[in-house]
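Peer 1: Sharing a structure below in structure tokens format, with a few things to ask.
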Amino acid sequence: MQHGYIYDCRIRLVDDNAQLRQMVKDILKKEGFLHVDTATNCGECRQKCREGAPDLIILDVGLPDGDGFSLMNEIRAQFNMPVLFLSARDEDCDRLLGLGLGADDYMTKPFLPRELVLRLSAILKRTYFPPGMAERQQEDVLKLGNRIVDFGEGCVRSSGTKDDGKTEQIWKLTAKEITILKKLNENRGRIVTFDALSQALWGDFYYGYENSLMVHIRRLREKIEENPSQPRFLTTARGLGYKLEK
């Protein structure tokens with residue numbers, strides 16, 4: 001669907017309806033958005049923004065301790081992030097007020113899950129990924145399940161949400177691990193021989209480094225695989241080499 005960096009954007013959903021919060025989180029998770037947390041009211045949203053501002057807020061208008069319009073104005077005074085209103089208020093005056101105040105989009109409940117994803121993705125692309133950047137970003141990012149390899153930053157990211165008690169994890173990659181991943185990714189779905197990987201790492205004088213390659217592969221799996229002992233992405237072609245599965 002979208003290029004890799006969009007999945008890595010941090011999204012905050014502010015709504016007092018627990019069932020809707022879970023439904024939206026499930027929709028976004030299914031589409032590959034891993035960084036989604038929630039707030040139930042204005043006060044909780046303010047506190048969470050002080051702790052860490054998201055890249056986009058999905059905001060209800062009617063909240064127990066205030067209204068979303070005022071909350072957006074408060075947030076925008078400190079942070080410059082896009083806002084998508086998701087509200088049961090379907091009157092034209094409310095929609096026009098939200099858009100007039102500077103919201104990036106306004107959707108009404110009930111909504112089509114696919115439409116929400118498309119509108120959210122369009123906002124993120126328009127805000128953070130202007131035309132002409134997509135090709136470079138695809139080269140810089142590799143998505144493997146719930147792990148995102150960021151070649152530009154030299155790290156692997158994995159995250160959960162605060163509601164399930166998990167937090168984002170980051171593993172730094174070594175220069176040789178990046179070289180291995182790039183070589184495998186260039187040939188994704190095809191076997192890359194031990195010799196080809198060793199040559200990419202140590203040049204023409206790679207003889208004798210076979211055991212070192214195995215060590216690098218093992219450490220790399222600990223960073224990109226959920227279960228390194230049963231790798232899903234970086235697999236071994238016995239007697240031949242390694243493959244990055246599609």
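Ordered as shown in the structure tokens, chains take letters A, B, and onward, while each chain numbers its residues from 1 and ligands are numbered from 1 in the order shown.
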Env of Leu220 (chain A): 12 Å cut, atoms = only C-alpha atoms, seq-sep filter 4 positions within chain, self excluded. Answer as a VMD selection string.

Peer 2: chain A and resid 149 155 to 156 171 to 181 213 to 216 224 to 229 231 233 to 235

Peer 1: Residues of region 5-245 of chain A classed as alpha helix (DSSP H) by DSSP on the backbone are to be reported as a VMD selection string.

Peer 2: chain A and resid 5 to 7 18 to 30 42 to 51 68 to 78 92 to 100 113 to 128 134 to 140 175 to 186 194 to 202 210 to 224

Peer 1: Find the spatial neighbours of Leu28 (chain A), counting only C-alpha atoms, within a cut-off of 10 Å - ignore same-chain residues fewer than 5 positions away - and output them as a list in words.

Peer 2: Tyr7, Ile11, Gln22, Met23, Phe33, Leu34, His35, Val36, Pro113, Arg114, Leu116, Val117 and Leu120 of chain A

Peer 1: Quick one: everything within 9 Å of region 187-204 of chain A, counting only C-alpha atoms, minus sequence neighbours fewer than 6 positions away in the same chain. Send it as a JSON list (two decimals) with C-alpha atoms, in the first residue's frame.

Peer 2:
[["chain", "number", "residue", "atom", "x", "y", "z"],
["A", 176, "LYS", "CA", 28.01, -4.99, 8.31],
["A", 179, "THR", "CA", 25.41, -4.29, 4.17],
["A", 180, "ILE", "CA", 23.94, -7.79, 4.56],
["A", 210, "GLU", "CA", 32.48, -17.94, 6.86],
["A", 213, "LEU", "CA", 29.19, -14.27, 8.46],
["A", 236, "THR", "CA", 18.83, -20.23, 5.22],
["A", 237, "ALA", "CA", 19.22, -22.11, 1.95],
["A", 239, "GLY", "CA", 24.57, -25.39, 1.67],
["A", 240, "LEU", "CA", 24.00, -22.36, -0.58],
["A", 241, "GLY", "CA", 23.44, -19.13, 1.30],
["A", 242, "TYR", "CA", 20.62, -16.94, 2.63],
["A", 243, "LYS", "CA", 17.43, -15.43, 1.30],
["A", 244, "LEU", "CA", 15.21, -12.52, 2.31],
["A", 245, "GLU", "CA", 11.69, -13.83, 1.82],
["A", 246, "LYS", "CA", 9.14, -11.71, -0.02]]

Peer 1: Using CA of Ile27 (chain A) and CA of Ile123 (chain A) as the two end points, give the distance in Å to one decimal.

Peer 2: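 So the two atoms, CA of Ile27 (chain A) and CA of Ile123 (chain A), lie 17.0 Å apart.
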
Peer 1: So the first atom is CA of Asp16 (chain A) and the second is CA of Val61 (chain A); what is the distance between them in Å, to one decimal place?

Peer 2: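 Distance between the two atoms: 10.3 Å.
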
Peer 1: Taking the chain letters and numbering used in this document, name the residues of region 9-148 of chain A that DSSP puts in strand (DSSP E), as a ChimeraX atom specification.

Peer 2: /A:11-14,36-39,56-59,62-63,66-67,83-87,105-108,141-144,147-148

Peer 1: Write out as a PDB file with C-alpha atoms, in the first residue's frame each polymer residue whose atoms come within 8 Å of region 151-153 of chain A, counting only C-alpha atoms; drop sequence neighbours fewer than 4 positions from it.

Peer 2:
ATOM      1  CA  ASP A 140      15.624   3.838   2.762  1.00  0.00           C
ATOM      2  CA  VAL A 141      12.997   1.689   4.484  1.00  0.00           C
ATOM      3  CA  LEU A 142      12.340  -2.039   4.577  1.00  0.00           C
ATOM      4  CA  ILE A 178      23.228  -2.964   6.990  1.00  0.00           C
TER       5      ILE A 178
END

Peer 1: State, in Å with one decimal place, the distance from CA of Lys125 (chain A) to CA of Ala18 (chain A).

Peer 2: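 Separation of CA of Lys125 (chain A) and CA of Ala18 (chain A): 28.3 Å.
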
Peer 1: Would you kindly return, as JSON, numbers by chain, each protein, DNA or RNA residue with an atom no farther than 12 Å from any atom of Arg12 (chain A), considering only C-alpha atoms and excluding same-chain residues fewer than 4 positions away?

Peer 2: {"A": [21, 24, 25, 28, 33, 34, 35, 36, 37, 38, 39, 40, 41, 44, 45, 46, 48, 49, 52, 53, 54, 55, 56, 57, 58, 59, 60, 81, 82, 83, 84, 85, 120, 161, 162, 163]}

Peer 1: List the spatial neighbours of region 86-93 of chain A as a list in words - criterion: any atom at most 10 Å away, only C-alpha atoms, same-chain residues fewer than 5 positions off excluded.

Peer 2: Leu13, Val14, Asp15, Ile57, Ile58, Leu59, Asp60, Val61, Gly62, Gly68, Gly98, Leu99, Asp105, Tyr106, Met107, Thr108, Lys109, Pro110, Phe111 and Leu116 of chain A

Peer 1: Now that the selection is made, can you save its residues with all heavy atoms as a compact mmCIF listing (two decimals), in the first residue's frame?

Peer 2:
# COMPACT_ATOMS: atom_id res chain seq x y z
N LEU A 13 -5.41 8.69 18.71
CA LEU A 13 -6.86 8.71 18.58
C LEU A 13 -7.47 9.22 19.88
O LEU A 13 -7.23 8.65 20.95
CB LEU A 13 -7.38 7.30 18.27
CG LEU A 13 -8.88 7.09 18.32
CD1 LEU A 13 -9.59 7.94 17.27
CD2 LEU A 13 -9.22 5.61 18.14
N VAL A 14 -8.26 10.29 19.80
CA VAL A 14 -8.88 10.88 20.99
C VAL A 14 -10.39 10.72 20.87
O VAL A 14 -11.05 11.37 20.06
CB VAL A 14 -8.51 12.37 21.12
CG1 VAL A 14 -9.05 12.93 22.44
CG2 VAL A 14 -7.01 12.58 21.02
N ASP A 15 -10.94 9.82 21.69
CA ASP A 15 -12.38 9.53 21.65
C ASP A 15 -12.76 8.86 22.97
O ASP A 15 -12.00 8.06 23.50
CB ASP A 15 -12.71 8.61 20.47
CG ASP A 15 -14.20 8.64 20.12
OD1 ASP A 15 -15.00 8.16 20.94
OD2 ASP A 15 -14.53 9.13 19.03
N ILE A 57 -3.28 13.49 14.70
CA ILE A 57 -4.31 13.22 15.71
C ILE A 57 -5.64 12.98 15.01
O ILE A 57 -6.06 13.74 14.12
CB ILE A 57 -4.45 14.39 16.69
CG1 ILE A 57 -3.22 14.46 17.61
CG2 ILE A 57 -5.72 14.24 17.54
CD1 ILE A 57 -3.31 15.54 18.67
N ILE A 58 -6.31 11.88 15.39
CA ILE A 58 -7.69 11.63 14.99
C ILE A 58 -8.55 12.06 16.17
O ILE A 58 -8.45 11.48 17.26
CB ILE A 58 -7.92 10.15 14.66
CG1 ILE A 58 -6.99 9.71 13.52
CG2 ILE A 58 -9.38 9.91 14.26
CD1 ILE A 58 -7.07 8.21 13.22
N LEU A 59 -9.40 13.04 15.98
CA LEU A 59 -10.01 13.74 17.10
C LEU A 59 -11.54 13.77 16.99
O LEU A 59 -12.09 14.12 15.95
CB LEU A 59 -9.46 15.18 17.13
CG LEU A 59 -9.87 16.11 18.26
CD1 LEU A 59 -9.49 15.54 19.62
CD2 LEU A 59 -9.19 17.47 18.06
N ASP A 60 -12.20 13.38 18.09
CA ASP A 60 -13.65 13.50 18.18
C ASP A 60 -13.99 14.94 18.56
O ASP A 60 -13.19 15.63 19.21
CB ASP A 60 -14.18 12.53 19.23
CG ASP A 60 -15.70 12.41 19.22
OD1 ASP A 60 -16.32 12.93 18.27
OD2 ASP A 60 -16.26 11.82 20.15
N VAL A 61 -15.17 15.41 18.18
CA VAL A 61 -15.59 16.77 18.54
C VAL A 61 -16.17 16.80 19.94
O VAL A 61 -15.82 17.64 20.77
CB VAL A 61 -16.60 17.32 17.52
CG1 VAL A 61 -17.14 18.67 17.98
CG2 VAL A 61 -15.95 17.45 16.14
N GLY A 62 -17.07 15.86 20.25
CA GLY A 62 -17.72 15.84 21.55
C GLY A 62 -16.97 14.98 22.54
O GLY A 62 -17.02 13.76 22.47
N GLY A 68 -13.63 19.14 20.76
CA GLY A 68 -12.45 18.91 19.95
C GLY A 68 -11.96 20.15 19.23
O GLY A 68 -10.76 20.29 18.97
N GLY A 98 -14.88 22.93 11.61
CA GLY A 98 -13.63 22.19 11.80
C GLY A 98 -12.62 22.48 10.72
O GLY A 98 -11.44 22.75 10.99
N LEU A 99 -13.07 22.45 9.46
CA LEU A 99 -12.16 22.73 8.36
C LEU A 99 -11.72 24.19 8.37
O LEU A 99 -10.56 24.51 8.06
CB LEU A 99 -12.84 22.39 7.03
CG LEU A 99 -13.17 20.91 6.81
CD1 LEU A 99 -13.98 20.73 5.53
CD2 LEU A 99 -11.89 20.07 6.76
N ASP A 105 -8.95 17.31 7.67
CA ASP A 105 -10.08 16.58 7.09
C ASP A 105 -11.14 16.40 8.18
O ASP A 105 -10.85 16.54 9.38
CB ASP A 105 -9.65 15.22 6.54
CG ASP A 105 -10.55 14.74 5.41
OD1 ASP A 105 -11.68 15.25 5.29
OD2 ASP A 105 -10.13 13.85 4.66
N TYR A 106 -12.36 16.09 7.75
CA TYR A 106 -13.47 15.91 8.69
C TYR A 106 -14.31 14.74 8.17
O TYR A 106 -14.86 14.79 7.07
CB TYR A 106 -14.30 17.19 8.76
CG TYR A 106 -15.33 17.23 9.87
CD1 TYR A 106 -15.16 18.07 10.97
CD2 TYR A 106 -16.49 16.45 9.82
CE1 TYR A 106 -16.10 18.13 11.98
CE2 TYR A 106 -17.44 16.49 10.84
CZ TYR A 106 -17.23 17.33 11.91
OH TYR A 106 -18.17 17.39 12.93
N MET A 107 -14.40 13.67 8.98
CA MET A 107 -15.21 12.50 8.64
C MET A 107 -16.30 12.33 9.68
O MET A 107 -16.12 12.68 10.86
CB MET A 107 -14.34 11.23 8.60
CG MET A 107 -13.38 11.16 7.44
SD MET A 107 -12.51 9.56 7.39
CE MET A 107 -13.90 8.43 7.07
N THR A 108 -17.42 11.78 9.26
CA THR A 108 -18.52 11.57 10.19
C THR A 108 -18.71 10.08 10.47
O THR A 108 -18.39 9.23 9.64
CB THR A 108 -19.83 12.15 9.63
OG1 THR A 108 -20.11 11.57 8.36
CG2 THR A 108 -19.72 13.66 9.48
N LYS A 109 -19.24 9.79 11.64
CA LYS A 109 -19.57 8.41 12.04
C LYS A 109 -21.03 8.14 11.66
O LYS A 109 -21.86 9.04 11.80
CB LYS A 109 -19.40 8.24 13.55
CG LYS A 109 -18.05 8.65 14.10
CD LYS A 109 -18.09 8.64 15.63
CE LYS A 109 -16.81 9.19 16.24
NZ LYS A 109 -16.90 9.29 17.71
N PRO A 110 -21.35 6.94 11.21
CA PRO A 110 -20.45 5.81 10.96
C PRO A 110 -19.63 6.06 9.70
O PRO A 110 -19.99 6.90 8.87
CB PRO A 110 -21.41 4.63 10.76
CG PRO A 110 -22.66 5.26 10.26
CD PRO A 110 -22.77 6.60 10.93
N PHE A 111 -18.53 5.33 9.55
CA PHE A 111 -17.62 5.56 8.44
C PHE A 111 -17.18 4.23 7.85
O PHE A 111 -17.29 3.17 8.48
CB PHE A 111 -16.40 6.35 8.91
CG PHE A 111 -15.63 5.65 10.02
CD1 PHE A 111 -14.61 4.77 9.72
CD2 PHE A 111 -15.96 5.87 11.35
CE1 PHE A 111 -13.91 4.11 10.73
CE2 PHE A 111 -15.27 5.21 12.37
CZ PHE A 111 -14.25 4.33 12.06
N LEU A 116 -11.43 5.72 5.87
CA LEU A 116 -10.62 6.30 6.94
C LEU A 116 -9.13 6.12 6.64
O LEU A 116 -8.33 7.06 6.76
CB LEU A 116 -10.96 5.66 8.28
CG LEU A 116 -10.06 6.06 9.46
CD1 LEU A 116 -10.19 7.55 9.75
CD2 LEU A 116 -10.40 5.24 10.70
